[in-house]
Structures are given as C-alpha cells and as structure tokens.
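Okay, structure first, notes after.
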Protein chains: 2
Amino acid sequence: MPISKYEAFAKVVELGSLTLAADALSCTQSAVSHCISVLEKECGFSVLIRSRAGVKLTEEGARLLPAVRQILSGMEQFNQISASVRGLDAGSVRVGAFTSVAVHWLPGVIKKFQHDYPDVDLKLLNGDYHDVEQWLAEGSIDIGFVSMPIHLKCECVPLMTDRLFAILPPDHKYAGYPKFPLALCADEPFISLLESSDHDARRALEAAGVKPNIKFSTKDDYAIIAMVEQGLGISIMPELLLKGRHDNIRISELVPEAKRTIGMAVARSGKAAPAVKRFADYVVKWVTLGEEGK
Amino acid sequence: MPISKYEAFAKVVELGSLTLAADALSCTQSAVSHCISVLEKECGFSVLIRSRAGVKLTEEGARLLPAVRQILSGMEQFNQISASVRGLDAGSVRVGAFTSVAVHWLPGVIKKFQHDYPDVDLKLLNGDYHDVEQWLAEGSIDIGFVSMPIHLKCECVPLMTDRLFAILPPDHKYAGYPKFPLALCADEPFISLLESSDHDARRALEAAGVKPNIKFSTKDDYAIIAMVEQGLGISIMPELLLKGRHDNIRISELVPEAKRTIGMAVARSGKAAPAVKRFADYVVKWVTLGEEGK
DNA sequence: ACCTTTACATGAAAAAATCTCATGATTTCA
DNA sequence: TGAAATCATGAGATTTTTTCATGTAAAGGT
C-alpha cells in the first residue's frame with residue numbers, strides 16, 4: 001500500500017483536509033502530513049495553507065495542481081490499460097499451425113475463444129512443420145503447433161499422439177488387407193510431402209530402415225490424397241488429417257505401428273502475454289476433453 | 001536520488017537497453033532491471049522482450065507507453081512549475097517610480113510583498129518620468145511607473161487616471177474660486193518641472209494652446225509646492241501627489257479638466273521572472289482595491 | 001477565561017521499497 | 001572456445017515511507 005505524494009496532495013486538495021484524505025487513502029493522517037512535507041520540501045515552498053478548519057491551496061500550490069492531475073491521470077490510465085490487457089480486453093495472439101490442426105482443431109478453439117474474448121485480435125498462419133518452427137524462431141507467432149520433438153528451445157507441451165496410416169488407392173492390390181507392412185513403401189510408388197514439410201512419415205520409414213520409392217512430392221496434404229485416389233501411388237498420413245473425410249481411398253494400419261506427437265509450443269512461454277497464455281489454455285482444454293468437445 | 005519506475009521504463013524503451021538507461025539515469029543496471037521487474041509484476045505481464053542486443057517493447061508494453069509518457073510529462077511540468085515559483089526565493093525586483101507613486105503606493109505594496117516574499121530582493125529607484133523611461137529602455141529596472149501613453153515597446157497596463165489641479169498661494173487673487181481657467185497660466189507666474197521631468201502639465205497646456213509664463217523650474221515636486229506656498233507663483237499638480245498633504249496652498253479644479261493616466265510597464269512582460277510578475281500582481285491588486293487598502 | 005475538541009505537525013522507530021554489489025546465465029563475436 | 005556484452009537475481013545496505021505517540025494551535029462551548 002504505497003501512497004504517492006501526488007495522490008496525497010490531490011486528495012488533500014479535493015477534500016480540504018489531511019485527516020479526511022488520510023481516511024480516503026486508508027493511511028494515517030501522519031503519513032499524509034509527511035507526504036505533503038516532502039512535497040513542499042521538494043518544491044521549496046508551501047502548497048497548502050493550514051488553518052483550523054482544514055487546509056486550502058496556496059497560490060503556488062494551485063499552480064502545481066494541473067501538473068499533479070496530469071500525473072495522476074497518467075497513472076490511472078496506466079492501471080486501466082494494464083488491467084485491460086490482463087483482462088484480455090486487449091492483445092493479440094498469432095498462431096501458426098499445419099494443416100491437420102488448422103482444419104480439425106483451430107476452427108473450434110478459435111470460435112470458442114473469440115466468443116469469450118471478442119476484443120483479442122487473433123491471427124492464424126498456415127504452413128508446414130518447417131514454416132511453423134521458422135515462425136517460432138523468428139518470433140512472428142506466439143503459439144505454434146509442431147510435431148514433437150522439437151529442437152527449438154521453448155516450452156512445448158504434447159497435446160496428443162496421432163497414429164500414422166498407410167493410404168492406398170481403392171483398387172490397390174493390398175487394399176483388402178487391414179494392415180500394411182511399412183517395408184512395402186520401398187517398392188510401391190510413394191507420394192511424399194516435400195522434405196521440409198514432413199517429419200512423420202520420413203521418421204517412421206527411417207526407423208524401419210525403409211527407403212521409399214518416391215514418385216511424387218508436394219507440399220499439400222490433400223493433393224497427396226487426391227493423387228492416391230487416382231491410383232498414382234500410396235502414402236502415409238496421420239489419422240487426424242484423414243478424420244471425417246470420405247475420400248475414395250483405403251486406409252490401413254501400418255506394421256510396425258507409427259505415430260506422431262502433436263505439441264504446442266508457446267514462445268517466451270513464461271512471459272507470454274495474458275491473451276497468449278489464455279489461448280494456450282483453451283487449446284489444451286479443447287484437446288483433452290474430447291477433441292470434438294462441444 | 002529516487003528513480004521512478006516509469007522513468008526507468010521510458011528510458012529503457014528510448015535507449016533500447018537497460019545498461020544504457022542505467023547510465024543515463026546514473027544508477028546501476030541492476031536498479032533498472034529491478035524497476036522493470038516491479039513494473040512487470042504490477043502489470044502482470046511483460047513489457048519488454050529481452051534479447052542479446054538490448055531490449056524492445058512487447059505489444060502490451062507499447063500500449064502502456066502513452067500513459068507512461070503522460071506521467072513523465074506531468075512530473076516534468078511539476079518540476080518546471082515549482083522551479084519557476086521557487087524563483088521568488090532567489091529573484092529580485094527593480095522598480096522605478098516617480099514621486100507620487102513612490103510616496104503613495106510603493107511603501108504599502110513593498111511592505112506587503114516583502115512580508116509575503118521575504119527572500120525577494122527589492123530595489124527602488126526614484127526619478128522623474130524621463131528617468132523611469134530611460135531605465136526601462138536600458139533594462140535597469142524590471143517594473144516602471146509611467147504616465148501613459150508611452151512609446152516604449154513593452155507591455156504597459158493603465159492603473160488609474162489622476163486629475164490635474166491648479167495650485168495657488170493661499171492669498172492669490174484667484175484663490176477664492178473653485179475653478180481655475182487653464183488659460184490664466186499664460187499670465188500668472190508659473191512654476192514648472194524641468195522639461196524632461198514633466199509631461200502632464202505641459203500636455204494639458206499645449207492641448208489648450210496656452211503658453212505658460214514660466215518663472216522657475218525645478219526637478220522636485222515638493223519644491224514646487226513650497227514655492228507656491230511662498231507665493232512665488234502657481235503650478236499644476238496631479239491629485240495623487242497632493243493627497244494627504246496639508247500644505248498651505250489652494251487647490252482648484254482646472255478648466256478645461258485635465259488628467260494623466262498612471263501606468264505600470266513591465267519589462268519583458270511575458271518572460272519576466274516569477275518574482276517580477278508577482279510584484280506586478282501586487283501593485284495591481286493594491287491599486288484596484290482601494291489604493292490605501294489595509 | 002478555561003477547558004474540550006478538532007486538526008495538523010513532529011520525532012522516533014518500524015516497515016517497506018529501492019539501490020548496490022557480487023555474481024550468474026545467455027548470447028554474440030572473434 | 002573464450003572473451004565481451006547484456007540482462008537477471010539474491011543478499012544486504014540504504015533510503016523512503018508509514019505508523020505510533022505526542023505536541024501545538026485554534027475554535028467553540030460553558
């Protein structure tokens with residue numbers, strides 16, 4: 001409970017009494033008296049005329065009053081603004097995400113968040129894994145969705161693990177089988193994401209020591225699905241991306257099983273702006289209580 | 001040497017570095033760092049992004065900046081004003097006046113002013129109209145009392161209008177008449193101020209097209225009165241000079257009526273030292289509320 | 001007049017805030 | 001990899017602010 005001498009002065013002038021001002025400021029009359037003394041010592045002249053029934057401004061004190069009001073109004077404004085930022089009436093959140101998250105999670109999260117905090121400015125950037133990490137490193141986004149692990153030094157919480165599946169054209173010779181041996185990717189025409197865009201399938205194949213027979217590469221996940229549909233080859237896709245779609249493809253479990261872990265990285269996590277922290281909370285809540293949670 | 005956290009914040013933002021700000025504020029880098037921490041604790045979010053080469057504002061910090069600037073500008077203003085008022089403790093006021101003012105007004109004004117501002121050094125120069133204007137022009141006085149109008153380029157406020165009267169020896173042939181025709185000055189022996197000392201009587205006579213029959217000239221008003229008393233001649237004097245005196249003379253209204261306007265000229269009026277402005281205020285107050293005001 | 005009440009002042013000591021010192025951690029540059 | 005530069009941090013010293021306990025002065029009632 002620190003009292004600024006300016007506040008004390010203004011209050012005393014307003015109420016015309018040290019005692020009343022002290023009450024109003026919840027401190028002792030002595031404290032207010034000392035404050036005024038300090039003020040007067042600094043000024044080098046008295047600002048108040050003391051008398052029996054309280055005090056009133058000297059002419060010099062009156063000259064100071066506008067400046068004091070300006071200081072106090074500035075402090076008031078300061079508090080208003082910081083409260084408004086704290087209360088999420090202000091601020092912005094820049095989110096970077098790759099396709100599956102941008103398609104399956106963000107619309108819902110954003111809708112809910114925007115409803116609760118209509119004054120926060122949301123910005124969504126869409127890219128591949130590499131883009132998102134780049135943006136994080138640059139500081140051009142506050143929150144980035146990534147495939148874990150990540151080398152960037154910033155706090156990153158795992159959100160869910162997502163199985164990888166083989167996708168085949170419907171009339172593919174292995175289409176009938178419920179499981180698909182990863183090793184076959186070495187023979188079958190394989191449609192891949194660009195190297196920079198993909199970590200998951202690549203990691204799975206490397207882990208199994210399989211060198212895929214890459215026929216096509218693209219940066220767009222849905223383009224791959226379309227190509228598979230047309231029988232141009234097979235590919236590997238995470239479950240989240242396939243969910244809810246009705247493509248004319250066959251989906252088979254991989255053998256051995258492979259997965260990715262989707263994580264959320266928060267830039268300058270501990271010191272993130274309130275709006276950013278809150279948005280991160282929303283994401284976690286959204287994912288943990290049933291991704292499709294109302 | 002107390003450093004406000006607002007000051008620290010603004011300086012850091014301005015210089016983009018805690019270290020430089022610390023130098024600028026003559027305190028340690030540690031102090032600045034603590035200040036910012038306190039600020040951030042109060043706000044509940046970070047206001048600066050720390051990096052190798054200094055720091056920069058967060059978006060939230062930027063929002064606070066205008067309020068901080070307002071606070072600092074208020075403090076600056078506060079110091080300016082108090083320094084200017086303090087000027088009264090160190091200032092001096094040099095006043096030039098002619099006889100009637102020096103006798104009838106200044107003692108009272110000076111007494112009151114000295115009581116209220118005992119530290120202000122007052123200097124009073126006594127002279128005639130010409131002397132005062134000379135001193136004003138030279139800048140050797142701050143405030144000069146003059147008979148308006150004045151040609152000098154400096155702010156000059158009219159204080160009062162003062163009627164001119166004829167003064168006659170008690171046994172003069174016209175002594176019985178309540179009014180005295182100005183034209184008679186052409187015949188009667190006339191006692192005049194030196195040309196440089198007088199404007200008022202001269203102007204009145206000229207306006208009436210009367211050429212006075214000047215027998216004696218002196219620079220001292222009271223010498224004229226004494227000479228009139230002795231029956232050496234007649235003269236013209238302003239009311240203020242005659243007030244409160246009990247000379248053995250006859251005072252008659254002039255026909256046509258004549259007057260002078262006493263004004264106060266303030267050198268460099270707008271930029272005058274606080275003590276000078278204040279003294280001028282006192283004079284005006286003194287004159288307006290009854291010249292003999294308590 | 002004299003006491004009571006009310007209001008501000010003051011001095012010492014406690015409490016709090018602020019500053020410095022020493023040192024740590026991190027990043028950049030050579 | 002080491003040196004230099006920059007910000008952070010913790011402990012202790014310093015300064016400021018607050019409280020507590022009175023003191024002083026003026027106004028009002030009796």
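Identifiers in the structure tokens: chain A, B, ... in order shown; residue index from 1 per chain; ligand index from 1 in order shown.
Near chain B, within 10 Å and using only C-alpha atoms (C1' of nucleotides), the residues of chain D are DA5, DT6, DC7, DA8, DT9, DT15 and DT16 of chain D.
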Print the selection's residues with N, CA and C atoms (P, O5', C5', C4', C3', O3' and C1' of nucleotides) to a file, as a PDB file, in the first residue's frame.
```pdb
ATOM      1  P    DA D   5      32.939  -5.320 -24.081  1.00  0.00           P
ATOM      2  O5'  DA D   5      31.362  -5.486 -24.213  1.00  0.00           O
ATOM      3  C5'  DA D   5      30.809  -5.949 -25.442  1.00  0.00           C
ATOM      4  C4'  DA D   5      29.390  -6.375 -25.196  1.00  0.00           C
ATOM      5  C3'  DA D   5      28.615  -5.455 -24.247  1.00  0.00           C
ATOM      6  O3'  DA D   5      27.354  -5.188 -24.821  1.00  0.00           O
ATOM      7  C1'  DA D   5      28.447  -7.675 -23.509  1.00  0.00           C
ATOM      8  P    DT D   6      26.462  -4.028 -24.216  1.00  0.00           P
ATOM      9  O5'  DT D   6      25.275  -4.863 -23.581  1.00  0.00           O
ATOM     10  C5'  DT D   6      24.534  -5.752 -24.411  1.00  0.00           C
ATOM     11  C4'  DT D   6      23.638  -6.586 -23.549  1.00  0.00           C
ATOM     12  C3'  DT D   6      22.977  -5.800 -22.414  1.00  0.00           C
ATOM     13  O3'  DT D   6      21.579  -5.831 -22.548  1.00  0.00           O
ATOM     14  C1'  DT D   6      23.867  -7.858 -21.654  1.00  0.00           C
ATOM     15  P    DC D   7      20.728  -4.860 -21.632  1.00  0.00           P
ATOM     16  O5'  DC D   7      19.948  -5.940 -20.748  1.00  0.00           O
ATOM     17  C5'  DC D   7      19.237  -6.988 -21.410  1.00  0.00           C
ATOM     18  C4'  DC D   7      19.013  -8.148 -20.455  1.00  0.00           C
ATOM     19  C3'  DC D   7      18.217  -7.781 -19.193  1.00  0.00           C
ATOM     20  O3'  DC D   7      17.213  -8.774 -18.985  1.00  0.00           O
ATOM     21  C1'  DC D   7      20.217  -8.859 -18.603  1.00  0.00           C
ATOM     22  P    DA D   8      16.336  -8.690 -17.638  1.00  0.00           P
ATOM     23  O5'  DA D   8      17.081  -9.727 -16.699  1.00  0.00           O
ATOM     24  C5'  DA D   8      17.239 -11.055 -17.156  1.00  0.00           C
ATOM     25  C4'  DA D   8      17.427 -12.002 -15.987  1.00  0.00           C
ATOM     26  C3'  DA D   8      16.509 -11.789 -14.782  1.00  0.00           C
ATOM     27  O3'  DA D   8      16.180 -13.071 -14.277  1.00  0.00           O
ATOM     28  C1'  DA D   8      18.768 -11.455 -14.122  1.00  0.00           C
ATOM     29  P    DT D   9      15.178 -13.265 -13.081  1.00  0.00           P
ATOM     30  O5'  DT D   9      16.145 -13.372 -11.824  1.00  0.00           O
ATOM     31  C5'  DT D   9      17.248 -14.261 -11.877  1.00  0.00           C
ATOM     32  C4'  DT D   9      17.994 -14.227 -10.555  1.00  0.00           C
ATOM     33  C3'  DT D   9      17.130 -13.894  -9.340  1.00  0.00           C
ATOM     34  O3'  DT D   9      17.471 -14.795  -8.314  1.00  0.00           O
ATOM     35  C1'  DT D   9      18.999 -12.480  -9.395  1.00  0.00           C
ATOM     36  P    DT D  15      21.743   6.403   2.215  1.00  0.00           P
ATOM     37  O5'  DT D  15      20.208   6.490   1.788  1.00  0.00           O
ATOM     38  C5'  DT D  15      19.831   6.076   0.474  1.00  0.00           C
ATOM     39  C4'  DT D  15      18.327   6.103   0.349  1.00  0.00           C
ATOM     40  C3'  DT D  15      17.662   7.327   0.994  1.00  0.00           C
ATOM     41  O3'  DT D  15      16.843   7.928   0.018  1.00  0.00           O
ATOM     42  C1'  DT D  15      16.624   5.319   1.736  1.00  0.00           C
ATOM     43  P    DT D  16      15.950   9.201   0.351  1.00  0.00           P
ATOM     44  O5'  DT D  16      14.533   8.490   0.486  1.00  0.00           O
ATOM     45  C5'  DT D  16      14.168   7.498  -0.463  1.00  0.00           C
ATOM     46  C4'  DT D  16      12.786   6.964  -0.157  1.00  0.00           C
ATOM     47  C3'  DT D  16      11.763   8.007   0.275  1.00  0.00           C
ATOM     48  O3'  DT D  16      10.585   7.731  -0.441  1.00  0.00           O
ATOM     49  C1'  DT D  16      11.888   6.286   1.901  1.00  0.00           C
TER      50       DT D  16
END
```
Once the least-squares fit of chain A onto chain B is done over all Cα atoms matched in order, how many Å of RMSD are left?
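The optimal C-alpha superposition leaves an RMSD of 9.1 Å.
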Contacts of Ser84 (chain B) at 10 Å or less, counting only C-alpha atoms (C1' of nucleotides), minus same-chain residues fewer than 3 places along, as a PyMOL selection string?
(chain A and resi 43+60) or (chain B and resi 78-81+87-89+273-275)
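Relative to CA of Gly233 (chain B), CA of Ile249 (chain B) is found at 11.0 Å.
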Any idea which chain A residues end up within 7 Å of chain B if we count only C-alpha atoms, as an mmCIF file with N, CA and C atoms, in the first residue's frame please?
```cif
data_model
loop_
_atom_site.group_PDB
_atom_site.id
_atom_site.type_symbol
_atom_site.label_atom_id
_atom_site.label_comp_id
_atom_site.auth_asym_id
_atom_site.auth_seq_id
_atom_site.Cartn_x
_atom_site.Cartn_y
_atom_site.Cartn_z
ATOM 1 N N CYS A 43 9.535 21.179 -3.457
ATOM 2 C CA CYS A 43 9.174 22.394 -4.192
ATOM 3 C C CYS A 43 9.947 23.594 -3.683
ATOM 4 N N GLY A 44 10.165 23.599 -2.402
ATOM 5 C CA GLY A 44 10.825 24.750 -1.819
ATOM 6 C C GLY A 44 9.845 25.827 -1.383
ATOM 7 N N PHE A 45 8.586 25.529 -1.407
ATOM 8 C CA PHE A 45 7.603 26.495 -0.917
ATOM 9 C C PHE A 45 6.378 25.734 -0.460
ATOM 10 N N GLU A 60 0.677 29.127 -5.039
ATOM 11 C CA GLU A 60 1.694 28.300 -5.675
ATOM 12 C C GLU A 60 1.208 26.863 -5.818
ATOM 13 N N LEU A 64 0.589 24.191 -9.193
ATOM 14 C CA LEU A 64 1.097 22.829 -9.371
ATOM 15 C C LEU A 64 -0.008 21.843 -9.691
ATOM 16 N N ALA A 67 -0.410 20.014 -13.082
ATOM 17 C CA ALA A 67 0.627 19.016 -13.327
ATOM 18 C C ALA A 67 0.350 17.757 -12.523
ATOM 19 N N VAL A 68 -0.057 17.948 -11.286
ATOM 20 C CA VAL A 68 -0.348 16.793 -10.439
ATOM 21 C C VAL A 68 -1.507 15.992 -11.034
ATOM 22 N N GLN A 70 -2.288 15.776 -14.051
ATOM 23 C CA GLN A 70 -1.818 15.054 -15.231
ATOM 24 C C GLN A 70 -1.095 13.769 -14.826
ATOM 25 N N ILE A 71 -0.284 13.876 -13.802
ATOM 26 C CA ILE A 71 0.429 12.686 -13.335
ATOM 27 C C ILE A 71 -0.562 11.622 -12.904
ATOM 28 N N GLY A 74 -2.379 10.064 -15.673
ATOM 29 C CA GLY A 74 -1.495 9.121 -16.358
ATOM 30 C C GLY A 74 -1.420 7.797 -15.627
ATOM 31 N N MET A 75 -1.328 7.865 -14.328
ATOM 32 C CA MET A 75 -1.250 6.619 -13.553
ATOM 33 C C MET A 75 -2.559 5.843 -13.670
ATOM 34 N N GLN A 77 -4.576 5.937 -16.126
ATOM 35 C CA GLN A 77 -4.594 5.372 -17.466
ATOM 36 C C GLN A 77 -3.716 4.121 -17.521
ATOM 37 N N PHE A 78 -2.562 4.228 -16.876
ATOM 38 C CA PHE A 78 -1.643 3.090 -16.834
ATOM 39 C C PHE A 78 -2.350 1.866 -16.249
ATOM 40 N N ILE A 81 -5.061 0.498 -18.550
ATOM 41 C CA ILE A 81 -4.538 -0.253 -19.676
ATOM 42 C C ILE A 81 -4.019 -1.605 -19.237
ATOM 43 N N SER A 82 -3.283 -1.607 -18.131
ATOM 44 C CA SER A 82 -2.713 -2.899 -17.762
ATOM 45 C C SER A 82 -3.819 -3.838 -17.314
ATOM 46 N N ARG A 86 -4.604 -7.390 -18.927
ATOM 47 C CA ARG A 86 -4.734 -8.570 -18.062
ATOM 48 C C ARG A 86 -6.077 -9.237 -18.270
ATOM 49 N N GLY A 91 -5.039 -7.064 -26.737
ATOM 50 C CA GLY A 91 -3.983 -8.007 -27.012
ATOM 51 C C GLY A 91 -4.226 -8.739 -28.309
ATOM 52 N N LYS A 271 6.740 -15.732 -20.107
ATOM 53 C CA LYS A 271 6.493 -14.291 -20.168
ATOM 54 C C LYS A 271 5.493 -13.919 -21.252
ATOM 55 N N ALA A 273 2.170 -12.971 -23.230
ATOM 56 C CA ALA A 273 1.091 -12.050 -22.896
ATOM 57 C C ALA A 273 -0.104 -12.848 -22.374
ATOM 58 N N PRO A 274 -0.896 -12.212 -21.544
ATOM 59 C CA PRO A 274 -2.059 -12.889 -20.972
ATOM 60 C C PRO A 274 -2.941 -13.535 -22.030
#
```
DSSP-assigned helix (DSSP H, G or I) among region 54-262 of chain B, expressed as a VMD selection string
chain B and resid 59 to 90 99 to 104 106 to 116 129 to 138 182 to 186 200 to 207 221 to 229 239 to 242
Chain C residues within 9 Å of chain A, counting only C-alpha atoms (C1' of nucleotides): which ones, as a list of chain:residue names?
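That gives C:DT6, C:DA7, C:DC8, C:DA9, C:DA16, C:DA17 for chain C.
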Would you list, as a ChimeraX atom specification, the residues of region 33-265 of chain A that end up in strand (DSSP E) under DSSP run on this structure's backbone?
/A:48-51,54-57,92-97,121-126,143-148,156-168,179-181,189-193,213-218,235-238,250-255,259-265
Please compute the CA of Lys179 (chain A)-CA of Ala258 (chain A) distance, one decimal, in Å.
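Those two atoms sit 12.2 Å apart.
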Go ahead and compute the interatomic distance for CA of Pro178 (chain A) and CA of Phe216 (chain A), in Å to one decimal.
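Between CA of Pro178 (chain A) and CA of Phe216 (chain A) the gap is 24.9 Å.
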Can you work out which one of B:Arg94, B:Arg245, B:Lys111, B:His130 has the shortest atom-to-atom distance to Lys277 (chain B), counting only C-alpha atoms?
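For Lys277 (chain B), the nearest of the candidates is B:Arg94.
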Which neighbours of region 234-236 of chain B fall inside 8 Å, counting only C-alpha atoms (C1' of nucleotides), when residues of the same chain fewer than 6 positions from it are skipped, and could you give them as a list in words?
Leu164, Phe165, Ala166, Ile167, Leu168, Pro169, Cys185, Glu188, Pro189, Phe190, Ile191, Ser192, Ala201, Ile224 and Val228 of chain B
Residues just named, written with C-alpha atoms as a tab-separated table (two decimals), in the first residue's frame:
```tsv
chain	number	residue	atom	x	y	z
B	164	LEU	CA	-4.60	67.59	-12.56
B	165	PHE	CA	-5.24	70.60	-10.36
B	166	ALA	CA	-4.05	74.10	-10.22
B	167	ILE	CA	-2.26	75.02	-7.02
B	168	LEU	CA	-2.19	78.61	-5.89
B	169	PRO	CA	-0.78	80.53	-2.96
B	185	CYS	CA	-1.23	80.23	-16.76
B	188	GLU	CA	0.42	84.26	-13.83
B	189	PRO	CA	3.98	83.39	-12.87
B	190	PHE	CA	4.17	79.62	-13.44
B	191	ILE	CA	6.45	77.22	-11.61
B	192	SER	CA	7.30	74.22	-13.69
B	201	ALA	CA	1.07	69.83	-17.17
B	224	ILE	CA	7.26	73.48	-6.40
B	228	VAL	CA	3.76	78.13	-4.45
```
So that I can check the surroundings of Lys153 (chain B), please list as an mmCIF file with N, CA and C atoms, in the first residue's frame every protein, DNA and RNA residue that reaches within 12 Å of it, counting only C-alpha atoms (C1' of nucleotides) and ignoring chain neighbours fewer than 4 positions away.
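The result, written out as part_24.cif:
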```cif
data_model
loop_
_atom_site.group_PDB
_atom_site.id
_atom_site.type_symbol
_atom_site.label_atom_id
_atom_site.label_comp_id
_atom_site.auth_asym_id
_atom_site.auth_seq_id
_atom_site.Cartn_x
_atom_site.Cartn_y
_atom_site.Cartn_z
ATOM 1 N N GLU B 133 11.541 56.062 -17.869
ATOM 2 C CA GLU B 133 11.518 55.513 -19.220
ATOM 3 C C GLU B 133 12.921 55.138 -19.672
ATOM 4 N N LEU B 136 13.837 51.918 -18.025
ATOM 5 C CA LEU B 136 13.121 50.809 -18.681
ATOM 6 C C LEU B 136 13.832 50.434 -19.976
ATOM 7 N N ALA B 137 14.146 51.458 -20.743
ATOM 8 C CA ALA B 137 14.777 51.209 -22.031
ATOM 9 C C ALA B 137 16.131 50.542 -21.840
ATOM 10 N N PRO B 149 0.207 57.925 -22.523
ATOM 11 C CA PRO B 149 0.794 56.749 -23.188
ATOM 12 C C PRO B 149 2.295 56.795 -23.181
ATOM 13 N N ALA B 265 4.634 49.685 -16.470
ATOM 14 C CA ALA B 265 5.275 48.966 -17.571
ATOM 15 C C ALA B 265 6.137 47.860 -16.995
ATOM 16 N N VAL B 266 5.955 46.667 -17.559
ATOM 17 C CA VAL B 266 6.738 45.521 -17.087
ATOM 18 C C VAL B 266 7.709 45.116 -18.187
ATOM 19 N N ALA B 267 8.970 45.152 -17.888
ATOM 20 C CA ALA B 267 9.974 44.816 -18.892
ATOM 21 C C ALA B 267 9.880 43.327 -19.221
ATOM 22 N N ARG B 268 9.971 42.990 -20.512
ATOM 23 C CA ARG B 268 9.905 41.598 -20.955
ATOM 24 C C ARG B 268 8.716 40.900 -20.283
ATOM 25 N N SER B 269 7.635 41.575 -20.315
ATOM 26 C CA SER B 269 6.484 41.183 -19.515
ATOM 27 C C SER B 269 6.183 39.691 -19.529
#
```
